[in-house]
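> Can you keep this structure in mind? I'll have questions shortly.
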Amino acid sequence: MLPVFVYLVISAALSGTLAYDPDMLQDLCVASPSSGVKVNGFVCKSEANITASDFAFEGLAKPGTINSSVGSLVTNANVEKIPGLNTLGISMARIDYAPGGLNPPHTHPRATEIVFVLEGKLDVGFITTGNKLTSKTIKQGEVFVFPRGLVHFQKNNGDKAAAVLSAFNSQLPGTQSIAITLFTATPAVPDDVLTKAFQVGTKEINKIKTKLAPKKP
């Protein structure tokens, strides 16, 4: 019976470790990014130097200026903006969409995301590993969940601006935009990989790379 119990304890511990950010082991562990020490997360700032500003952020209060080619803007409120989130396993973001704006297909490798519509109406969806699209139109006051690691998107097909608040079960969910990842990686993904994967020629691949290349200051 003891081996079974030990197995169950180890299994539970491992599943918890893999499911979300590690649990905190003290009341506070405000991030100290400038420490220079590399850990899974951030080293704790000295408690004597902690202030209320370590737990506050005003960046989600109002819409940002959208100037991207896809017509959307993501404002993150994660541990990089709010040091007090370190070890707490949560974060937020605000996403603003111009009319016709798109938050392109992307993934969050370390978190599930839930969005709450502040204004407007959005067509949203995610794609499972079985290649099934689950999609819905959501409007003001409604929520939608994007499971951890799955490719998902949001599109404003209306003629008015839209916005959502997102919540994540990670202090730093990470974001991989599918197009940006494949076509602007450094070093570059070899052209023969991309041409084979997308069944197009080098000319088309180079055209996409040119369109997605970061704008020079």
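Residue numbering restarts at 1 in every chain; chains get A, B, ... in the order shown in the structure tokens, and ligands count up from 1 in that same order.
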Give me, as number ranges by chain, all polymer residues having an atom no more than 12 Å from A:Glu58, counting only C-alpha atoms and skipping those fewer than 3 positions away in the same chain.

A: 53-55, 61-64, 75-77, 81-82, 93-94

> Need to verify the contact set: A:Val143, 8 Å, only C-alpha atoms, exclusion of same-chain residues closer than 4 positions in sequence. Can you return it as a list in words?

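Near A:Val143, the qualifying residues are Ile114, Val115, Phe116, Val117 and Ile138 of chain A.
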
> Would you save the residues of that selection, restricted to all heavy atoms, as a tab-separated table (two decimals), in the first residue's frame?


```
chain	number	residue	atom	x	y	z
A	114	ILE	N	-8.06	33.74	-20.36
A	114	ILE	CA	-9.48	34.03	-20.40
A	114	ILE	C	-9.65	35.52	-20.70
A	114	ILE	O	-8.96	36.35	-20.09
A	114	ILE	CB	-10.19	33.64	-19.08
A	114	ILE	CG1	-11.71	33.89	-19.18
A	114	ILE	CG2	-9.60	34.33	-17.87
A	114	ILE	CD1	-12.51	33.29	-18.03
A	115	VAL	N	-10.51	35.84	-21.66
A	115	VAL	CA	-10.70	37.24	-22.03
A	115	VAL	C	-12.10	37.70	-21.65
A	115	VAL	O	-13.07	36.94	-21.73
A	115	VAL	CB	-10.48	37.49	-23.54
A	115	VAL	CG1	-9.05	37.15	-23.94
A	115	VAL	CG2	-11.46	36.69	-24.40
A	116	PHE	N	-12.19	38.96	-21.23
A	116	PHE	CA	-13.46	39.62	-20.90
A	116	PHE	C	-13.59	40.82	-21.83
A	116	PHE	O	-12.70	41.67	-21.89
A	116	PHE	CB	-13.45	40.08	-19.44
A	116	PHE	CG	-14.64	40.92	-19.05
A	116	PHE	CD1	-15.85	40.34	-18.71
A	116	PHE	CD2	-14.55	42.32	-19.05
A	116	PHE	CE1	-16.94	41.13	-18.37
A	116	PHE	CE2	-15.63	43.11	-18.70
A	116	PHE	CZ	-16.84	42.51	-18.36
A	117	VAL	N	-14.69	40.89	-22.57
A	117	VAL	CA	-14.87	41.95	-23.56
A	117	VAL	C	-15.31	43.24	-22.88
A	117	VAL	O	-16.37	43.32	-22.27
A	117	VAL	CB	-15.90	41.55	-24.63
A	117	VAL	CG1	-16.00	42.65	-25.69
A	117	VAL	CG2	-15.52	40.22	-25.28
A	138	ILE	N	-18.07	36.91	-29.62
A	138	ILE	CA	-18.32	37.37	-28.25
A	138	ILE	C	-18.47	38.88	-28.25
A	138	ILE	O	-17.85	39.59	-29.03
A	138	ILE	CB	-17.21	36.93	-27.28
A	138	ILE	CG1	-15.83	37.41	-27.75
A	138	ILE	CG2	-17.22	35.42	-27.10
A	138	ILE	CD1	-14.70	37.10	-26.78
```

> Just the residues within 6 Å of stretch 28-32 of chain A, please, counting only C-alpha atoms, with nothing from its chain fewer than 5 positions along; format it as a VMD selection string.

chain A and resid 42 to 45 83 to 84 86

> Which residue, A:Leu25, A:Ala161, A:Ala111, A:Leu60, has the smallest gap to A:Phe146 when you use only C-alpha atoms?

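Looking at the shortest contact to A:Phe146, the residue is A:Ala111.
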
> Env of A:Ile95: 8 Å cut, atoms = only C-alpha atoms, seq-sep filter 5 positions within chain, self excluded. Answer as a ChimeraX atom specification.

/A:72-75,163-166

> Kindly save the residues from that selection, with all heavy atoms included, as a compact mmCIF listing (two decimals), in the first residue's frame.


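Resulting contents of part-v1.txt:
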```txt
# COMPACT_ATOMS: atom_id res chain seq x y z
N SER A 72 -4.06 45.93 -34.05
CA SER A 72 -4.31 45.62 -32.64
C SER A 72 -3.09 46.01 -31.81
O SER A 72 -1.99 46.18 -32.33
CB SER A 72 -4.62 44.13 -32.44
OG SER A 72 -3.49 43.33 -32.73
N LEU A 73 -3.33 46.15 -30.51
CA LEU A 73 -2.25 46.50 -29.58
C LEU A 73 -2.44 45.72 -28.29
O LEU A 73 -3.52 45.76 -27.68
CB LEU A 73 -2.27 48.00 -29.27
CG LEU A 73 -1.29 48.46 -28.19
CD1 LEU A 73 0.15 48.34 -28.69
CD2 LEU A 73 -1.59 49.90 -27.78
N VAL A 74 -1.41 45.01 -27.86
CA VAL A 74 -1.42 44.25 -26.61
C VAL A 74 -0.60 45.01 -25.57
O VAL A 74 0.57 45.30 -25.80
CB VAL A 74 -0.86 42.83 -26.79
CG1 VAL A 74 -0.88 42.09 -25.46
CG2 VAL A 74 -1.64 42.07 -27.85
N THR A 75 -1.23 45.32 -24.43
CA THR A 75 -0.53 45.95 -23.32
C THR A 75 -0.47 44.94 -22.18
O THR A 75 -1.50 44.58 -21.60
CB THR A 75 -1.26 47.22 -22.84
OG1 THR A 75 -1.41 48.13 -23.95
CG2 THR A 75 -0.49 47.90 -21.73
N ALA A 163 -12.21 46.11 -27.36
CA ALA A 163 -11.14 45.91 -26.37
C ALA A 163 -11.51 44.78 -25.44
O ALA A 163 -12.69 44.55 -25.15
CB ALA A 163 -10.90 47.21 -25.57
N VAL A 164 -10.49 44.07 -24.95
CA VAL A 164 -10.70 43.01 -23.96
C VAL A 164 -9.67 43.15 -22.85
O VAL A 164 -8.60 43.74 -23.05
CB VAL A 164 -10.58 41.59 -24.57
CG1 VAL A 164 -11.56 41.39 -25.71
CG2 VAL A 164 -9.15 41.30 -25.02
N LEU A 165 -10.00 42.59 -21.70
CA LEU A 165 -9.03 42.34 -20.64
C LEU A 165 -8.77 40.84 -20.61
O LEU A 165 -9.71 40.04 -20.63
CB LEU A 165 -9.57 42.79 -19.28
CG LEU A 165 -9.48 44.28 -18.93
CD1 LEU A 165 -10.05 44.52 -17.54
CD2 LEU A 165 -8.03 44.77 -18.99
N SER A 166 -7.50 40.47 -20.57
CA SER A 166 -7.11 39.06 -20.52
C SER A 166 -6.50 38.75 -19.17
O SER A 166 -5.81 39.58 -18.58
CB SER A 166 -6.08 38.75 -21.60
OG SER A 166 -6.60 38.90 -22.88
```

> Which residues are near A:Thr128? Cut-off 12 Å, only C-alpha atoms, ignore same chain within fewer than 2 positions. Put them as a PyMOL selection string.

chain A and resi 107+125-126+130-135+146-152

> For the selection just defined, write its residues with N, CA, C and O atoms to a file, as an mmCIF file, in the first residue's frame.


```cif
data_model
loop_
_atom_site.group_PDB
_atom_site.id
_atom_site.type_symbol
_atom_site.label_atom_id
_atom_site.label_comp_id
_atom_site.auth_asym_id
_atom_site.auth_seq_id
_atom_site.Cartn_x
_atom_site.Cartn_y
_atom_site.Cartn_z
ATOM 1 N N THR A 107 0.296 31.555 -29.660
ATOM 2 C CA THR A 107 0.126 30.653 -28.524
ATOM 3 C C THR A 107 0.739 31.283 -27.279
ATOM 4 O O THR A 107 1.596 32.172 -27.373
ATOM 5 N N GLY A 125 -11.312 32.324 -31.618
ATOM 6 C CA GLY A 125 -11.263 30.878 -31.767
ATOM 7 C C GLY A 125 -9.919 30.300 -31.419
ATOM 8 O O GLY A 125 -8.916 31.016 -31.331
ATOM 9 N N PHE A 126 -9.902 28.987 -31.175
ATOM 10 C CA PHE A 126 -8.646 28.257 -30.971
ATOM 11 C C PHE A 126 -8.703 26.955 -31.745
ATOM 12 O O PHE A 126 -9.777 26.467 -32.112
ATOM 13 N N GLY A 130 -5.901 18.240 -32.596
ATOM 14 C CA GLY A 130 -6.599 17.410 -33.567
ATOM 15 C C GLY A 130 -7.035 18.201 -34.789
ATOM 16 O O GLY A 130 -7.777 17.708 -35.634
ATOM 17 N N ASN A 131 -6.589 19.474 -34.869
ATOM 18 C CA ASN A 131 -6.858 20.371 -35.994
ATOM 19 C C ASN A 131 -8.332 20.765 -36.106
ATOM 20 O O ASN A 131 -8.846 21.025 -37.189
ATOM 21 N N LYS A 132 -9.002 20.853 -34.950
ATOM 22 C CA LYS A 132 -10.395 21.286 -34.933
ATOM 23 C C LYS A 132 -10.470 22.734 -34.455
ATOM 24 O O LYS A 132 -9.900 23.097 -33.423
ATOM 25 N N LEU A 133 -11.179 23.554 -35.214
ATOM 26 C CA LEU A 133 -11.378 24.950 -34.836
ATOM 27 C C LEU A 133 -12.617 25.079 -33.956
ATOM 28 O O LEU A 133 -13.704 24.616 -34.311
ATOM 29 N N THR A 134 -12.455 25.697 -32.792
ATOM 30 C CA THR A 134 -13.569 26.042 -31.915
ATOM 31 C C THR A 134 -13.664 27.560 -31.915
ATOM 32 O O THR A 134 -12.716 28.239 -31.503
ATOM 33 N N SER A 135 -14.771 28.115 -32.403
ATOM 34 C CA SER A 135 -14.859 29.561 -32.568
ATOM 35 C C SER A 135 -16.232 30.072 -32.157
ATOM 36 O O SER A 135 -17.212 29.324 -32.102
ATOM 37 N N PHE A 146 -9.104 30.437 -23.802
ATOM 38 C CA PHE A 146 -8.171 29.823 -24.740
ATOM 39 C C PHE A 146 -7.260 28.883 -23.953
ATOM 40 O O PHE A 146 -6.424 29.342 -23.156
ATOM 41 N N PRO A 147 -7.391 27.564 -24.150
ATOM 42 C CA PRO A 147 -6.584 26.619 -23.385
ATOM 43 C C PRO A 147 -5.081 26.799 -23.615
ATOM 44 O O PRO A 147 -4.641 27.192 -24.699
ATOM 45 N N ARG A 148 -4.339 26.499 -22.596
ATOM 46 C CA ARG A 148 -2.888 26.658 -22.611
ATOM 47 C C ARG A 148 -2.234 25.996 -23.828
ATOM 48 O O ARG A 148 -2.515 24.839 -24.156
ATOM 49 N N GLY A 149 -1.362 26.747 -24.495
ATOM 50 C CA GLY A 149 -0.544 26.199 -25.567
ATOM 51 C C GLY A 149 -1.210 26.069 -26.919
ATOM 52 O O GLY A 149 -0.526 25.797 -27.907
ATOM 53 N N LEU A 150 -2.534 26.270 -27.002
ATOM 54 C CA LEU A 150 -3.213 26.091 -28.287
ATOM 55 C C LEU A 150 -3.188 27.384 -29.104
ATOM 56 O O LEU A 150 -3.286 28.485 -28.568
ATOM 57 N N VAL A 151 -3.059 27.227 -30.419
ATOM 58 C CA VAL A 151 -3.079 28.379 -31.317
ATOM 59 C C VAL A 151 -4.458 29.033 -31.258
ATOM 60 O O VAL A 151 -5.487 28.351 -31.332
ATOM 61 N N HIS A 152 -4.486 30.373 -31.123
ATOM 62 C CA HIS A 152 -5.765 31.069 -31.037
ATOM 63 C C HIS A 152 -5.644 32.477 -31.619
ATOM 64 O O HIS A 152 -4.541 32.950 -31.923
#
```

> Using only C-alpha atoms for the distances, tell me which of A:Arg110, A:Lys155, A:Lys136, A:Lys207 is nearest to A:Ser91.

A:Arg110

> DSSP on the backbone: what in stretch 4-217 of chain A comes out alpha helix (DSSP H), as number ranges by chain?

A: 4-19, 178-183, 191-198, 202-212

> What does the distance from atom CA of A:Gly89 to atom CA of A:Gly41 come to in Å, to one decimal?

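So the answer is 10.4 Å.
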
> Please extract the residues of stretch 150-197 of chain A with a backbone DSSP assignment of strand (DSSP E) and present them as a ChimeraX atom specification.

/A:151-155,162-168,176-177

> For A:Phe183, please output as a ChimeraX atom specification all residues within 10 Å (counting only C-alpha atoms; exclusion window: fewer than 6 positions along the same chain).

/A:189-191,194,205-206,208-213

> Take the residues from that selection and write them out as a PDB file, in the first residue's frame, keeping N, CA and C atoms.


```pdb
ATOM      1  N   VAL A 189      14.752  30.916 -40.185  1.00  0.00           N
ATOM      2  CA  VAL A 189      14.372  29.552 -40.554  1.00  0.00           C
ATOM      3  C   VAL A 189      14.742  29.374 -42.032  1.00  0.00           C
ATOM      4  N   PRO A 190      15.440  28.300 -42.403  1.00  0.00           N
ATOM      5  CA  PRO A 190      15.863  28.122 -43.797  1.00  0.00           C
ATOM      6  C   PRO A 190      14.682  28.194 -44.775  1.00  0.00           C
ATOM      7  N   ASP A 191      14.916  28.839 -45.910  1.00  0.00           N
ATOM      8  CA  ASP A 191      13.862  28.992 -46.910  1.00  0.00           C
ATOM      9  C   ASP A 191      13.315  27.649 -47.389  1.00  0.00           C
ATOM     10  N   LEU A 194      10.599  26.489 -45.107  1.00  0.00           N
ATOM     11  CA  LEU A 194       9.354  27.238 -45.255  1.00  0.00           C
ATOM     12  C   LEU A 194       8.665  26.930 -46.580  1.00  0.00           C
ATOM     13  N   ILE A 205       7.902  33.345 -50.096  1.00  0.00           N
ATOM     14  CA  ILE A 205       8.465  33.364 -48.745  1.00  0.00           C
ATOM     15  C   ILE A 205       9.161  34.696 -48.480  1.00  0.00           C
ATOM     16  N   ASN A 206       9.965  35.154 -49.425  1.00  0.00           N
ATOM     17  CA  ASN A 206      10.685  36.424 -49.259  1.00  0.00           C
ATOM     18  C   ASN A 206       9.727  37.604 -49.175  1.00  0.00           C
ATOM     19  N   ILE A 208       6.704  37.540 -47.881  1.00  0.00           N
ATOM     20  CA  ILE A 208       6.133  37.521 -46.532  1.00  0.00           C
ATOM     21  C   ILE A 208       7.158  38.045 -45.529  1.00  0.00           C
ATOM     22  N   LYS A 209       8.409  37.614 -45.659  1.00  0.00           N
ATOM     23  CA  LYS A 209       9.452  38.085 -44.745  1.00  0.00           C
ATOM     24  C   LYS A 209       9.611  39.592 -44.804  1.00  0.00           C
ATOM     25  N   THR A 210       9.524  40.145 -45.990  1.00  0.00           N
ATOM     26  CA  THR A 210       9.651  41.600 -46.149  1.00  0.00           C
ATOM     27  C   THR A 210       8.518  42.326 -45.462  1.00  0.00           C
ATOM     28  N   LYS A 211       7.305  41.797 -45.593  1.00  0.00           N
ATOM     29  CA  LYS A 211       6.132  42.442 -44.979  1.00  0.00           C
ATOM     30  C   LYS A 211       6.179  42.369 -43.456  1.00  0.00           C
ATOM     31  N   LEU A 212       6.728  41.279 -42.913  1.00  0.00           N
ATOM     32  CA  LEU A 212       6.732  41.079 -41.464  1.00  0.00           C
ATOM     33  C   LEU A 212       7.991  41.602 -40.779  1.00  0.00           C
ATOM     34  N   ALA A 213       8.989  41.990 -41.561  1.00  0.00           N
ATOM     35  CA  ALA A 213      10.237  42.453 -40.967  1.00  0.00           C
ATOM     36  C   ALA A 213      10.008  43.658 -40.071  1.00  0.00           C
TER      37      ALA A 213
END
```
